[in-house]
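> First the structure, which I've put down as structure tokens, then a few questions once you've had a look.
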Amino acid sequence: MWEALQAWFLSFGQEYGVNPVIFGAIYVGAIPFFTLSIAWLVRNKRAGKSIVLPVLSAGSFFVSAYVYLAIAGKNIPSWVWVFLGALIIYGVYSTVKSVRSKISHEADAAA
């Protein structure tokens, strides 16, 4: 069963021109850098510094695997882009909510 699942998963790479291992490595590899960017954003916001660079950094790491998909992929079905768009919108909403909570919590603790 594991071999069949693996073969099915890897067949997407051949069909759509995207190496699933590379996509997964980018996706998982970006997580620590995204987390560090969010910490940088929270620190800068609390210190009253500009948050432009941390936001750009976090956003870049957040979409990095999808950028690979857009560049390397071919014949990607429309539903995949709709699904990824929904994931990105939810991710942005969730991240903004989390950052606001962390900033508010830190401000309450300092007061």
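Residue numbering restarts at 1 for every chain of the structure tokens, chains are lettered A, B, ... in their displayed order, and ligands are numbered from 1 as they appear.
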Would you kindly return, as a ChimeraX atom specification, each protein, DNA or RNA residue with an atom no farther than 8 Å from any atom of Phe33 of chain A, considering only C-alpha atoms and excluding same-chain residues fewer than 4 positions away?
/A:29,37,58,61
> So which residues touch Ile103 of chain A within 8 Å, counting only C-alpha atoms, skipping near sequence neighbours fewer than 6 positions away, as a PyMOL selection string?
chain A and resi 42+45-46
> Do you know which residues are at most 6 Å from Leu41 of chain A counting only C-alpha atoms, after dropping those on the same chain fewer than 3 positions away, and could you put them as a list in words?
Ile38, Asn44, Ile51 and Pro54 of chain A
> Take the residues from that selection and put them in a file with N, CA and C atoms, as a PDB file, in the first residue's frame.

ATOM      1  N   ILE A  38       8.482  36.101  11.561  1.00  0.00           N
ATOM      2  CA  ILE A  38       7.369  36.539  12.410  1.00  0.00           C
ATOM      3  C   ILE A  38       7.894  37.057  13.748  1.00  0.00           C
ATOM      4  N   ASN A  44      10.107  44.022  16.131  1.00  0.00           N
ATOM      5  CA  ASN A  44      10.152  45.373  15.561  1.00  0.00           C
ATOM      6  C   ASN A  44       8.897  46.165  15.897  1.00  0.00           C
ATOM      7  N   ILE A  51       8.112  47.584  10.223  1.00  0.00           N
ATOM      8  CA  ILE A  51       7.855  46.150  10.057  1.00  0.00           C
ATOM      9  C   ILE A  51       7.839  45.750   8.579  1.00  0.00           C
ATOM     10  N   PRO A  54      10.395  42.710   7.791  1.00  0.00           N
ATOM     11  CA  PRO A  54       9.928  41.432   8.327  1.00  0.00           C
ATOM     12  C   PRO A  54       8.662  40.906   7.637  1.00  0.00           C
TER      13      PRO A  54
END
> Between A:Phe23, A:Phe9, A:Tyr16, A:Tyr90, which one has atoms that come closest to Ala65 of chain A, using only C-alpha atoms?
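Closest to Ala65 of chain A, using only C-alpha atoms: A:Phe23.
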> Could you give me, as a PyMOL selection string, the residues within 12 Å of Pro77 of chain A, counting only C-alpha atoms and dropping anything in the same chain fewer than 6 positions from it?
chain A and resi 12+15-16+69-70+83-84
> Take the selection from the previous step and output its residues with C-alpha atoms, as a PDB file, in the first residue's frame.

ATOM      1  CA  PHE A  12       2.074  14.280 -10.002  1.00  0.00           C
ATOM      2  CA  GLU A  15       2.162  14.981 -14.992  1.00  0.00           C
ATOM      3  CA  TYR A  16       2.587  18.596 -13.872  1.00  0.00           C
ATOM      4  CA  LEU A  69       4.920  25.524  -8.408  1.00  0.00           C
ATOM      5  CA  ALA A  70       4.064  28.558 -10.558  1.00  0.00           C
ATOM      6  CA  PHE A  83      -7.413  25.930  -3.415  1.00  0.00           C
ATOM      7  CA  LEU A  84      -3.936  27.461  -2.966  1.00  0.00           C
TER       8      LEU A  84
END
> Taking only C-alpha atoms into account, name the residue in A:Val67, A:Ser98, A:Ile88, A:Ser57 that is nearest to Pro32 of chain A.
A:Ser57
> Report, in Å with one decimal, the straight-line distance from atom CA of Thr35 of chain A to atom CA of Thr95 of chain A.
10.3 Å
> Between A:Val18, A:Ile31, A:Val92, A:Val99, which residue has the minimum interatomic distance to Tyr68 of chain A, considering only C-alpha atoms?
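Ranking A:Val18, A:Ile31, A:Val92, A:Val99 by distance to Tyr68 of chain A, first place goes to A:Val18.
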> Which one is closest to Phe62 of chain A: A:Tyr27, A:Trp8, A:Lys49, A:Val82? Count only C-alpha atoms.
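Smallest separation from Phe62 of chain A among the options: A:Tyr27.
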> Using only C-alpha atoms, which protein or nucleic acid residues come within 12 Å of Gln14 of chain A? Drop anything in the same chain fewer than 5 positions from it, and give the result as a CSV table (one decimal) with N, CA, C and O atoms, in the first residue's frame.

chain,number,residue,atom,x,y,z
A,7,ALA,N,4.0,5.9,-5.4
A,7,ALA,CA,3.9,6.0,-6.8
A,7,ALA,C,2.9,7.0,-7.3
A,7,ALA,O,3.1,7.8,-8.2
A,8,TRP,N,1.7,7.0,-6.6
A,8,TRP,CA,0.7,8.0,-7.0
A,8,TRP,C,1.1,9.4,-6.7
A,8,TRP,O,1.0,10.3,-7.6
A,9,PHE,N,1.7,9.6,-5.6
A,9,PHE,CA,2.2,11.0,-5.2
A,9,PHE,C,3.3,11.5,-6.2
A,9,PHE,O,3.2,12.6,-6.7
A,19,ASN,N,8.6,18.6,-9.2
A,19,ASN,CA,9.2,17.5,-8.4
A,19,ASN,C,8.6,17.6,-7.0
A,19,ASN,O,8.9,18.6,-6.3
A,20,PRO,N,7.8,16.7,-6.6
A,20,PRO,CA,7.1,16.8,-5.3
A,20,PRO,C,8.1,16.8,-4.1
A,20,PRO,O,7.8,17.4,-3.1
A,72,ALA,N,7.8,26.2,-12.2
A,72,ALA,CA,8.1,24.9,-12.7
A,72,ALA,C,6.9,24.1,-13.2
A,72,ALA,O,7.1,23.3,-14.1
A,73,GLY,N,5.8,24.4,-12.7
A,73,GLY,CA,4.6,23.6,-13.1
A,73,GLY,C,4.1,23.9,-14.5
A,73,GLY,O,4.3,25.0,-15.0
A,74,LYS,N,3.4,22.9,-15.0
A,74,LYS,CA,2.7,23.1,-16.3
A,74,LYS,C,1.4,22.4,-16.2
A,74,LYS,O,1.2,21.4,-15.6
A,75,ASN,N,0.4,23.0,-16.9
A,75,ASN,CA,-0.9,22.4,-16.9
A,75,ASN,C,-1.5,22.1,-15.5
A,75,ASN,O,-2.2,21.1,-15.3
A,76,ILE,N,-1.2,23.0,-14.6
A,76,ILE,CA,-1.8,22.9,-13.2
A,76,ILE,C,-3.3,23.2,-13.3
A,76,ILE,O,-3.7,24.3,-13.9
> Of the candidates A:Gly24, A:Ser50, A:Gly59, A:Ser78, which shows the shortest atom-to-atom distance to Leu36 of chain A, using only C-alpha atoms?
A:Gly59
